[in-house]
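Have a look at target32.cif below; it lists mmCIF, C-alpha atoms and all ligand atoms.
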data_model
#
loop_
_atom_site.group_PDB
_atom_site.id
_atom_site.type_symbol
_atom_site.label_atom_id
_atom_site.label_comp_id
_atom_site.auth_asym_id
_atom_site.auth_seq_id
_atom_site.Cartn_x
_atom_site.Cartn_y
_atom_site.Cartn_z
ATOM 1 C CA MET A 1 0.000 0.000 0.000
ATOM 2 C CA VAL A 2 1.299 3.479 -0.901
ATOM 3 C CA LYS A 3 1.783 5.557 2.250
ATOM 4 C CA GLN A 4 0.396 9.079 2.343
ATOM 5 C CA VAL A 5 3.436 11.307 2.619
ATOM 6 C CA GLY A 6 3.970 15.051 2.816
ATOM 7 C CA ASN A 7 7.090 17.068 2.036
ATOM 8 C CA VAL A 8 7.281 20.666 3.244
ATOM 9 C CA ASP A 9 10.438 22.409 2.053
ATOM 10 C CA GLY A 10 12.363 19.140 2.169
ATOM 11 C CA VAL A 11 10.926 17.804 5.427
ATOM 12 C CA ILE A 12 9.311 14.488 4.582
ATOM 13 C CA ASP A 13 6.840 12.928 7.002
ATOM 14 C CA ALA A 14 3.589 11.009 7.150
ATOM 15 C CA LEU A 15 0.940 13.291 5.649
ATOM 16 C CA GLU A 16 -0.930 13.632 8.941
ATOM 17 C CA ASN A 17 2.238 15.014 10.548
ATOM 18 C CA SER A 18 3.143 17.462 7.761
ATOM 19 C CA ARG A 19 2.787 21.103 8.803
ATOM 20 C CA ILE A 20 3.048 24.557 7.280
ATOM 21 C CA PRO A 21 3.324 27.735 9.384
ATOM 22 C CA VAL A 22 0.021 29.570 9.752
ATOM 23 C CA ALA A 23 1.585 32.737 8.290
ATOM 24 C CA ASP A 24 2.051 30.953 4.954
ATOM 25 C CA ARG A 25 0.348 32.961 2.209
ATOM 26 C CA GLY A 26 -0.975 29.787 0.646
ATOM 27 C CA PHE A 27 -2.908 29.147 3.854
ATOM 28 C CA LEU A 28 -3.878 32.778 4.523
ATOM 29 C CA TYR A 29 -4.845 33.890 1.021
ATOM 30 C CA GLY A 30 -4.772 30.869 -1.285
ATOM 31 C CA ASP A 31 -1.661 32.547 -2.719
ATOM 32 C CA SER A 32 -0.185 29.452 -4.354
ATOM 33 C CA VAL A 33 -0.049 27.417 -7.554
ATOM 34 C CA TYR A 34 -0.089 23.644 -7.907
ATOM 35 C CA GLU A 35 -0.143 20.663 -10.202
ATOM 36 C CA VAL A 36 -1.363 17.085 -9.908
ATOM 37 C CA PHE A 37 -0.061 14.194 -11.980
ATOM 38 C CA ARG A 38 -0.024 10.437 -11.628
ATOM 39 C CA THR A 39 2.245 7.599 -12.590
ATOM 40 C CA TYR A 40 1.560 4.609 -14.815
ATOM 41 C CA HIS A 41 3.722 1.590 -13.991
ATOM 42 C CA GLY A 42 5.909 3.918 -11.965
ATOM 43 C CA LEU A 43 6.358 6.341 -14.865
ATOM 44 C CA PRO A 44 5.270 9.964 -14.385
ATOM 45 C CA PHE A 45 2.754 10.901 -17.055
ATOM 46 C CA LEU A 46 3.212 14.320 -18.690
ATOM 47 C CA PHE A 47 5.594 15.599 -16.011
ATOM 48 C CA GLU A 48 7.070 18.243 -18.307
ATOM 49 C CA GLU A 49 3.669 19.512 -19.469
ATOM 50 C CA HIS A 50 2.511 19.789 -15.853
ATOM 51 C CA TYR A 51 5.674 21.645 -14.920
ATOM 52 C CA GLN A 52 5.221 24.090 -17.810
ATOM 53 C CA ARG A 53 1.614 24.674 -16.723
ATOM 54 C CA LEU A 54 2.830 25.388 -13.178
ATOM 55 C CA LEU A 55 5.221 27.995 -14.571
ATOM 56 C CA ASN A 56 2.373 29.505 -16.561
ATOM 57 C CA SER A 57 0.130 29.674 -13.469
ATOM 58 C CA ALA A 58 2.990 31.328 -11.553
ATOM 59 C CA ALA A 59 3.546 33.842 -14.368
ATOM 60 C CA LEU A 60 -0.179 34.682 -14.387
ATOM 61 C CA ILE A 61 -0.044 35.631 -10.690
ATOM 62 C CA GLY A 62 3.388 37.262 -10.874
ATOM 63 C CA MET A 63 5.016 34.658 -8.646
ATOM 64 C CA ASP A 64 8.735 34.110 -8.945
ATOM 65 C CA ILE A 65 9.256 30.449 -8.027
ATOM 66 C CA LYS A 66 12.520 30.181 -6.124
ATOM 67 C CA GLN A 67 12.816 26.377 -6.381
ATOM 68 C CA SER A 68 14.451 25.194 -9.608
ATOM 69 C CA ARG A 69 12.942 22.513 -11.825
ATOM 70 C CA ASP A 70 15.661 20.131 -10.629
ATOM 71 C CA GLN A 71 14.964 20.862 -6.970
ATOM 72 C CA ILE A 72 11.256 20.228 -7.493
ATOM 73 C CA LEU A 73 11.920 17.051 -9.440
ATOM 74 C CA THR A 74 14.407 15.703 -6.885
ATOM 75 C CA SER A 75 12.025 16.473 -4.015
ATOM 76 C CA ILE A 76 9.156 14.756 -5.826
ATOM 77 C CA ARG A 77 11.331 11.675 -6.372
ATOM 78 C CA GLU A 78 12.330 11.613 -2.694
ATOM 79 C CA THR A 79 8.721 11.982 -1.581
ATOM 80 C CA VAL A 80 7.567 9.211 -3.901
ATOM 81 C CA ALA A 81 10.358 6.970 -2.576
ATOM 82 C CA ALA A 82 9.194 7.711 0.994
ATOM 83 C CA SER A 83 5.643 6.655 0.067
ATOM 84 C CA LYS A 84 7.123 3.213 -0.672
ATOM 85 C CA PRO A 85 5.072 2.147 -3.676
ATOM 86 C CA MET A 86 5.456 -1.542 -4.450
ATOM 87 C CA LEU A 87 6.700 -2.537 -7.866
ATOM 88 C CA GLY A 88 4.068 -1.526 -10.408
ATOM 89 C CA GLU A 89 2.003 0.380 -7.816
ATOM 90 C CA ASP A 90 1.110 3.870 -8.968
ATOM 91 C CA VAL A 91 1.028 7.151 -7.101
ATOM 92 C CA TYR A 92 -0.780 10.468 -7.148
ATOM 93 C CA VAL A 93 1.552 13.464 -6.840
ATOM 94 C CA ARG A 94 0.376 16.949 -5.903
ATOM 95 C CA TYR A 95 3.040 19.626 -5.729
ATOM 96 C CA GLN A 96 2.272 23.121 -4.667
ATOM 97 C CA ILE A 97 4.332 26.276 -4.494
ATOM 98 C CA THR A 98 3.076 28.915 -2.076
ATOM 99 C CA ARG A 99 4.276 32.515 -1.968
ATOM 100 C CA GLY A 100 5.836 31.746 1.416
ATOM 101 C CA GLU A 101 5.635 33.919 4.492
ATOM 102 C CA GLY A 102 5.876 37.586 5.314
ATOM 103 C CA PRO A 103 4.019 40.152 7.403
ATOM 104 C CA ILE A 104 0.245 39.611 7.489
ATOM 105 C CA ASP A 105 -0.379 41.840 4.502
ATOM 106 C CA LEU A 106 -1.790 41.211 1.037
ATOM 107 C CA ASN A 107 1.166 42.798 -0.741
ATOM 108 C CA PRO A 108 2.861 39.868 -2.521
ATOM 109 C CA ASP A 109 6.258 41.611 -2.580
ATOM 110 C CA LEU A 110 6.553 41.156 1.170
ATOM 111 C CA SER A 111 7.345 37.452 0.996
ATOM 112 C CA GLU A 112 10.978 36.491 0.709
ATOM 113 C CA SER A 113 10.857 32.942 -0.539
ATOM 114 C CA THR A 114 8.389 30.510 -2.054
ATOM 115 C CA ARG A 115 7.522 27.322 -0.170
ATOM 116 C CA MET A 116 7.311 23.879 -1.767
ATOM 117 C CA VAL A 117 4.749 21.384 -0.534
ATOM 118 C CA ILE A 118 4.453 17.901 -2.031
ATOM 119 C CA ILE A 119 1.797 15.314 -1.284
ATOM 120 C CA VAL A 120 2.081 11.730 -2.501
ATOM 121 C CA LYS A 121 -0.640 9.130 -2.014
ATOM 122 C CA ALA A 122 -2.341 6.265 -3.801
ATOM 123 C CA VAL A 123 -4.063 7.102 -7.073
ATOM 124 C CA PRO A 124 -7.754 7.802 -6.275
ATOM 125 C CA LYS A 125 -10.019 4.869 -7.036
ATOM 126 C CA TRP A 126 -13.245 6.093 -8.599
ATOM 127 C CA GLN A 127 -16.349 3.981 -8.311
ATOM 128 C CA GLN A 128 -16.380 1.379 -11.086
ATOM 129 C CA GLN A 129 -19.998 2.346 -11.691
ATOM 130 C CA HIS A 130 -18.799 5.756 -12.860
ATOM 131 C CA TYR A 131 -17.096 4.020 -15.786
ATOM 132 C CA ASP A 132 -19.605 1.198 -16.365
ATOM 133 C CA VAL A 133 -22.680 3.444 -16.235
ATOM 134 C CA GLY A 134 -21.455 7.019 -15.888
ATOM 135 C CA MET A 135 -21.388 9.867 -13.429
ATOM 136 C CA SER A 136 -24.079 12.494 -12.937
ATOM 137 C CA LEU A 137 -23.557 16.195 -13.545
ATOM 138 C CA ALA A 138 -25.667 19.236 -12.689
ATOM 139 C CA VAL A 139 -25.408 22.657 -14.288
ATOM 140 C CA THR A 140 -25.233 25.141 -11.411
ATOM 141 C CA GLN A 141 -26.706 28.573 -10.831
ATOM 142 C CA LEU A 142 -23.309 29.560 -9.474
ATOM 143 C CA ARG A 143 -21.080 30.894 -12.248
ATOM 144 C CA ARG A 144 -17.411 30.210 -12.936
ATOM 145 C CA ASN A 145 -14.999 33.011 -12.077
ATOM 146 C CA SER A 146 -14.602 35.316 -15.034
ATOM 147 C CA VAL A 147 -11.433 35.026 -17.127
ATOM 148 C CA ASN A 148 -11.056 38.751 -16.509
ATOM 149 C CA SER A 149 -11.045 38.442 -12.735
ATOM 150 C CA LEU A 150 -9.525 35.086 -11.768
ATOM 151 C CA ASP A 151 -8.363 33.337 -14.929
ATOM 152 C CA PRO A 152 -9.177 29.585 -14.657
ATOM 153 C CA ASN A 153 -5.767 28.958 -16.219
ATOM 154 C CA ILE A 154 -4.282 29.979 -12.895
ATOM 155 C CA LYS A 155 -4.193 26.553 -11.279
ATOM 156 C CA GLY A 156 -4.047 28.077 -7.847
ATOM 157 C CA GLY A 157 -4.686 27.128 -4.256
ATOM 158 C CA ASN A 158 -8.091 28.796 -4.010
ATOM 159 C CA TYR A 159 -10.875 26.511 -5.191
ATOM 160 C CA LEU A 160 -13.790 28.219 -3.407
ATOM 161 C CA ASN A 161 -15.585 28.893 -6.691
ATOM 162 C CA ASN A 162 -15.364 25.196 -7.587
ATOM 163 C CA ILE A 163 -16.193 24.035 -4.037
ATOM 164 C CA MET A 164 -19.344 26.167 -3.930
ATOM 165 C CA ALA A 165 -20.496 24.944 -7.347
ATOM 166 C CA LEU A 166 -19.753 21.353 -6.350
ATOM 167 C CA SER A 167 -21.814 21.644 -3.188
ATOM 168 C CA GLU A 168 -24.723 23.141 -5.162
ATOM 169 C CA ALA A 169 -24.519 20.200 -7.579
ATOM 170 C CA ARG A 170 -24.337 17.712 -4.694
ATOM 171 C CA LYS A 171 -27.454 19.269 -3.136
ATOM 172 C CA ASN A 172 -29.155 18.594 -6.465
ATOM 173 C CA GLY A 173 -28.157 14.934 -6.282
ATOM 174 C CA ALA A 174 -25.291 15.047 -8.799
ATOM 175 C CA ASP A 175 -21.708 13.824 -8.486
ATOM 176 C CA ASP A 176 -20.238 16.988 -9.937
ATOM 177 C CA CYS A 177 -21.097 20.418 -11.309
ATOM 178 C CA VAL A 178 -20.973 22.038 -14.730
ATOM 179 C CA MET A 179 -20.319 25.750 -14.336
ATOM 180 C CA LEU A 180 -21.471 28.377 -16.822
ATOM 181 C CA ASP A 181 -19.842 31.755 -17.286
ATOM 182 C CA ALA A 182 -21.686 35.080 -17.096
ATOM 183 C CA GLU A 183 -22.642 34.752 -20.801
ATOM 184 C CA ASP A 184 -24.275 31.317 -20.252
ATOM 185 C CA LEU A 185 -21.388 29.511 -21.918
ATOM 186 C CA VAL A 186 -20.274 26.153 -20.535
ATOM 187 C CA THR A 187 -16.889 26.297 -18.782
ATOM 188 C CA GLU A 188 -15.921 23.116 -16.882
ATOM 189 C CA CYS A 189 -16.583 20.872 -13.894
ATOM 190 C CA SER A 190 -15.138 21.338 -10.388
ATOM 191 C CA ASN A 191 -11.864 19.574 -11.211
ATOM 192 C CA SER A 192 -12.217 18.218 -14.709
ATOM 193 C CA ASN A 193 -13.012 19.383 -18.233
ATOM 194 C CA VAL A 194 -16.404 18.557 -19.703
ATOM 195 C CA TRP A 195 -17.063 17.374 -23.260
ATOM 196 C CA PHE A 196 -20.223 16.850 -25.304
ATOM 197 C CA VAL A 197 -21.233 15.181 -28.508
ATOM 198 C CA LEU A 198 -23.413 17.616 -30.435
ATOM 199 C CA ASN A 199 -24.496 16.986 -34.034
ATOM 200 C CA ASP A 200 -22.367 13.809 -34.055
ATOM 201 C CA THR A 201 -19.260 15.888 -33.310
ATOM 202 C CA LEU A 202 -17.010 15.768 -30.258
ATOM 203 C CA VAL A 203 -17.171 19.220 -28.744
ATOM 204 C CA ALA A 204 -14.696 20.609 -26.206
ATOM 205 C CA PRO A 205 -16.253 23.802 -24.806
ATOM 206 C CA VAL A 206 -14.026 26.858 -24.988
ATOM 207 C CA ALA A 207 -14.878 29.497 -22.392
ATOM 208 C CA GLY A 208 -13.374 30.153 -19.008
ATOM 209 C CA ASN A 209 -11.847 26.726 -18.496
ATOM 210 C CA LEU A 210 -8.474 25.370 -17.462
ATOM 211 C CA ASP A 211 -6.438 24.095 -20.392
ATOM 212 C CA GLY A 212 -6.570 20.505 -19.131
ATOM 213 C CA LEU A 213 -3.739 18.216 -20.135
ATOM 214 C CA THR A 214 -6.067 15.225 -20.477
ATOM 215 C CA ARG A 215 -8.270 17.346 -22.679
ATOM 216 C CA ARG A 216 -5.214 18.219 -24.785
ATOM 217 C CA SER A 217 -4.422 14.510 -25.126
ATOM 218 C CA VAL A 218 -7.998 13.783 -26.214
ATOM 219 C CA VAL A 219 -7.850 16.610 -28.776
ATOM 220 C CA GLU A 220 -4.661 15.053 -30.194
ATOM 221 C CA LEU A 221 -6.185 11.569 -30.256
ATOM 222 C CA ALA A 222 -9.362 12.792 -31.935
ATOM 223 C CA THR A 223 -7.368 14.728 -34.523
ATOM 224 C CA GLY A 224 -4.955 11.840 -35.158
ATOM 225 C CA ASN A 225 -7.843 9.414 -35.611
ATOM 226 C CA ASP A 226 -9.987 11.683 -37.796
ATOM 227 C CA LEU A 227 -12.831 11.889 -35.300
ATOM 228 C CA PRO A 228 -15.197 14.830 -35.862
ATOM 229 C CA LEU A 229 -13.977 17.465 -33.412
ATOM 230 C CA ALA A 230 -14.786 21.070 -32.575
ATOM 231 C CA GLN A 231 -13.302 23.313 -29.887
ATOM 232 C CA ARG A 232 -15.808 26.115 -29.570
ATOM 233 C CA PRO A 233 -18.048 27.999 -27.157
ATOM 234 C CA VAL A 234 -21.086 25.936 -26.081
ATOM 235 C CA HIS A 235 -24.192 27.829 -24.966
ATOM 236 C CA ARG A 236 -26.330 26.320 -22.226
ATOM 237 C CA ASP A 237 -29.327 26.197 -24.608
ATOM 238 C CA GLU A 238 -27.468 23.587 -26.678
ATOM 239 C CA LEU A 239 -27.176 21.147 -23.787
ATOM 240 C CA VAL A 240 -30.675 19.786 -24.218
ATOM 241 C CA TYR A 241 -29.526 18.473 -27.631
ATOM 242 C CA ALA A 242 -26.369 16.768 -26.315
ATOM 243 C CA GLN A 243 -26.071 13.175 -27.551
ATOM 244 C CA GLU A 244 -23.171 12.200 -25.278
ATOM 245 C CA CYS A 245 -21.162 13.727 -22.469
ATOM 246 C CA PHE A 246 -17.949 12.854 -20.629
ATOM 247 C CA VAL A 247 -15.324 14.464 -18.427
ATOM 248 C CA THR A 248 -11.531 14.376 -18.551
ATOM 249 C CA SER A 249 -8.826 14.846 -15.919
ATOM 250 C CA ALA A 250 -5.473 13.350 -15.004
ATOM 251 C CA THR A 251 -6.978 11.144 -12.299
ATOM 252 C CA ARG A 252 -10.441 10.406 -13.786
ATOM 253 C CA GLU A 253 -8.969 9.966 -17.290
ATOM 254 C CA VAL A 254 -12.048 9.751 -19.568
ATOM 255 C CA MET A 255 -15.208 9.219 -17.541
ATOM 256 C CA PRO A 256 -18.639 8.912 -19.165
ATOM 257 C CA VAL A 257 -21.624 10.916 -17.960
ATOM 258 C CA LYS A 258 -24.981 9.205 -17.497
ATOM 259 C CA THR A 259 -27.175 12.173 -16.582
ATOM 260 C CA LEU A 260 -26.925 15.931 -16.926
ATOM 261 C CA ARG A 261 -29.262 18.076 -14.842
ATOM 262 C CA LEU A 262 -30.004 21.399 -16.513
ATOM 263 C CA VAL A 263 -30.544 24.622 -14.565
ATOM 264 C CA ASP A 264 -34.345 24.298 -14.802
ATOM 265 C CA GLY A 265 -34.146 20.854 -13.155
ATOM 266 C CA SER A 266 -34.822 18.858 -16.336
ATOM 267 C CA MET A 267 -32.576 15.885 -17.077
ATOM 268 C CA VAL A 268 -30.697 14.841 -20.193
ATOM 269 C CA GLU A 269 -29.842 11.110 -20.182
ATOM 270 C CA PHE A 270 -27.037 9.344 -21.983
ATOM 271 C CA GLU A 271 -26.173 5.755 -22.849
ATOM 272 C CA ASN A 272 -24.802 3.521 -20.080
ATOM 273 C CA GLY A 273 -21.003 3.583 -20.166
ATOM 274 C CA GLY A 274 -20.961 6.333 -22.802
ATOM 275 C CA GLY A 275 -22.192 6.564 -26.398
ATOM 276 C CA PRO A 276 -20.097 5.465 -29.415
ATOM 277 C CA LEU A 277 -17.784 8.496 -29.542
ATOM 278 C CA THR A 278 -17.253 8.511 -25.775
ATOM 279 C CA ARG A 279 -16.356 4.809 -25.826
ATOM 280 C CA MET A 280 -14.031 5.398 -28.775
ATOM 281 C CA VAL A 281 -12.251 8.186 -26.864
ATOM 282 C CA MET A 282 -12.028 6.000 -23.739
ATOM 283 C CA SER A 283 -10.386 3.191 -25.655
ATOM 284 C CA LEU A 284 -8.025 5.499 -27.598
ATOM 285 C CA TYR A 285 -6.942 7.056 -24.299
ATOM 286 C CA ALA A 286 -6.339 3.621 -22.739
ATOM 287 C CA GLU A 287 -4.294 2.557 -25.811
ATOM 288 C CA MET A 288 -2.249 5.732 -25.629
ATOM 289 C CA LEU A 289 -1.407 4.993 -21.976
ATOM 290 C CA THR A 290 -0.373 1.436 -22.851
ATOM 291 C CA ASP A 291 1.917 2.818 -25.589
ATOM 292 C CA PHE A 292 3.319 5.355 -23.147
ATOM 293 C CA VAL A 293 4.263 2.599 -20.698
ATOM 294 C CA VAL A 294 5.662 0.293 -23.384
ATOM 295 C CA HIS A 295 7.842 3.061 -24.822
ATOM 296 C CA ASN A 296 9.170 4.309 -21.511
ATOM 297 C CA THR A 297 9.872 1.195 -19.447
ATOM 298 C CA GLU A 298 13.558 1.493 -20.294
ATOM 299 C CA SER A 299 13.745 4.852 -18.562
ATOM 300 C CA PRO A 300 12.149 4.435 -15.120
ATOM 301 C CA TRP A 301 11.829 7.743 -13.447
ATOM 302 C CA PHE A 302 11.328 6.996 -9.764
HETATM 303 C C1 LIG B 401 -10.794 23.205 -12.674
HETATM 304 C C2 LIG B 401 -10.154 22.082 -13.418
HETATM 305 N N1 LIG B 401 -10.458 21.896 -14.711
HETATM 306 C C3 LIG B 401 -9.921 20.888 -15.424
HETATM 307 C C4 LIG B 401 -9.010 19.998 -14.850
HETATM 308 C C5 LIG B 401 -8.433 18.870 -15.666
HETATM 309 O O1 LIG B 401 -7.064 19.090 -15.949
HETATM 310 P P1 LIG B 401 -6.065 17.890 -16.219
HETATM 311 O O2 LIG B 401 -6.624 17.105 -17.378
HETATM 312 O O3 LIG B 401 -4.792 18.550 -16.585
HETATM 313 O O4 LIG B 401 -6.000 17.053 -14.994
HETATM 314 C C6 LIG B 401 -8.652 20.175 -13.503
HETATM 315 C C7 LIG B 401 -7.692 19.260 -12.880
HETATM 316 O O5 LIG B 401 -7.181 19.472 -11.825
HETATM 317 C C8 LIG B 401 -9.221 21.239 -12.774
HETATM 318 O O6 LIG B 401 -8.921 21.436 -11.468
#

Before we go any further, please render this structure as structure tokens.
Ligand SMILES: Cc1ncc(COP(=O)(O)O)c(C=O)c1O
Amino acid sequence: MVKQVGNVDGVIDALENSRIPVADRGFLYGDSVYEVFRTYHGLPFLFEEHYQRLLNSAALIGMDIKQSRDQILTSIRETVAASKPMLGEDVYVRYQITRGEGPIDLNPDLSESTRMVIIVKAVPKWQQQHYDVGMSLAVTQLRRNSVNSLDPNIKGGNYLNNIMALSEARKNGADDCVMLDAEDLVTECSNSNVWFVLNDTLVAPVAGNLDGLTRRSVVELATGNDLPLAQRPVHRDELVYAQECFVTSATREVMPVKTLRLVDGSMVEFENGGGPLTRMVMSLYAEMLTDFVVHNTESPWF
């Protein structure tokens, strides 16, 4: 069993013993950026892409990360080693850079050094039913933060917008939320990207969403396999016509959606386990992961 381990600025301990000072800006203000990736057969998937996205998030909030790529990488390796995965056992890695400590003051220039926090644990196990049948989503009244106020491409340590939308969706009996923006365009779920099949075409909504790396992989797979694909704004009025729906994220991979609750409470239902395009994307994604493992076993990373 993978142990849950924390690493705070190089101090590795069981997760329940890991501590940050209360004056940390990540704790006080959500002033931090983070990434989550997982391994397949002990190989980190898309490490470089995640790292580049972390740098982009940091640039978007004007944070100068003091830890080098090598320091981060070495610390992640040490933390994974401390979690003691057995051969072939995979891990979930969350690494977060906070703007460190300073006087209790919003001014970001007052912090001297960024803090690195790493969490390693077992890869989350989603209910098998979510793949065999599908998860349920609800479109919320609560809107996604505007790109002009808190850009969703800042993968930062403040998820209140997502948490509030998720709890609204849960109150409406759904597993997760679909957030709209102020113009009624579909953005994303609480921690995954949402996709639809509309007019027999795979549609990745473009409006106020994080540029998900799983979504990028699916775009590449769809393009490489000549599947009908559009990346465009999706208005909430189109959702009633959706033929299929699924979500993508590093830990959920490609997960089919069984029901979508619209804002007026009406339900759109989809095929068990995903319609034809969803199932095609699920199997292309699984094949891609098998290829990734086969082509990288010679260069184990951890
Ligand atoms: C808000 C949000 N959207 C989308 C995603 C999916 O991104 P990825 O595929 O890179 O995991 C995440 C993942 O953390 C997320 O938090």

Nearest to ligand LIG 401 (chain B), chosen from A:Tyr285, A:Phe27, A:Tyr159, A:Tyr40, with all atoms listed in the file counted in the distances: A:Tyr159

Output of the PyMOL selection byres (((not hetatm)) within 7 of (chain B and resi 401)), listed as a list in words: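 Taken on the displayed file, the PyMOL selection byres (((not hetatm)) within 7 of (chain B and resi 401)) yields the residues Val36, Pro152, Lys155, Glu188, Cys189, Ser190, Asn191, Ser192, Asn193, Asn209, Leu210, Asp211, Gly212, Leu213, Thr214, Arg215, Thr248, Ser249, Ala250 and Thr251 of chain A.
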
Selection: 8 Å around segment 255-258 of chain A, only C-alpha atoms, excl. self and same-chain fewer than 4 positions, as a count of residues only: 20

The PyMOL selection byres (((chain A and resi 74) around 12) and not hetatm) resolved against shown file, as an MDAnalysis selection string: chainID A and resid 7 9:10 67:73 75:81 116 118 301:302

Hey, could you pull the box centre and edge lengths for segment 251-262 of chain A, axis-aligned, 3 Å padding per side, all listed atoms, to one decimal in Å, as AutoDock Vina command-line options?
--center_x -18.5 --center_y 15.2 --center_z -15.9 --size_x 29.0 --size_y 18.5 --size_z 13.3

Picked residues, the PyMOL selection byres (((chain A and resi 162-176) around 9) and not hetatm), as an MDAnalysis selection string: chainID A and resid 135:144 158:161 177:179 189:191 259:261 265

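Our summary of the geometry notes that atom CA of Val294 of chain A is positioned 27.7 Å from atom CA of Gln4 of chain A.
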
Closest of A:Asn153, A:Thr187, A:Gln231, A:Ser217 to Phe45 of chain A - atom-to-atom distances counting all atoms listed in the file: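 Of the candidates, the smallest distance to Phe45 of chain A is held by A:Ser217.
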
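For the choices A:Val11, A:Gly156, A:Leu180, A:Asp132, the atom-to-atom distance to Arg53 of chain A is smallest for A:Gly156 when using only C-alpha atoms.
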
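Note that the spacing between atom CA of Val117 of chain A and atom CA of Thr98 of chain A amounts to 7.9 Å.
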
Computed interatomic separation between atom CA of Tyr34 of chain A and atom CA of Pro103 of chain A (Å): 22.9 Å

Counting all atoms listed in the file, the option among A:Asn107, A:Ile97, A:Leu277, A:Tyr51 closest to Asp200 of chain A: A:Leu277

Using only C-alpha atoms: which of A:Thr223, A:Ser57, A:Gln127, A:Asn148 has the shortest distance to Val33 of chain A: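 For Val33 of chain A, the nearest of the candidates is A:Ser57.
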
All residues 6 Å or closer to Val120 of chain A, only C-alpha atoms, same chain fewer than 2 positions away omitted, as a list in words: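 The neighbour list is Gln4, Val5, Tyr92 and Val93 of chain A.
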
Residues near Thr201 of chain A, cut-off 6 Å, all atoms listed in the file, skip fewer than 2 positions along chain, as a ChimeraX atom specification: /A:197-199,228-229
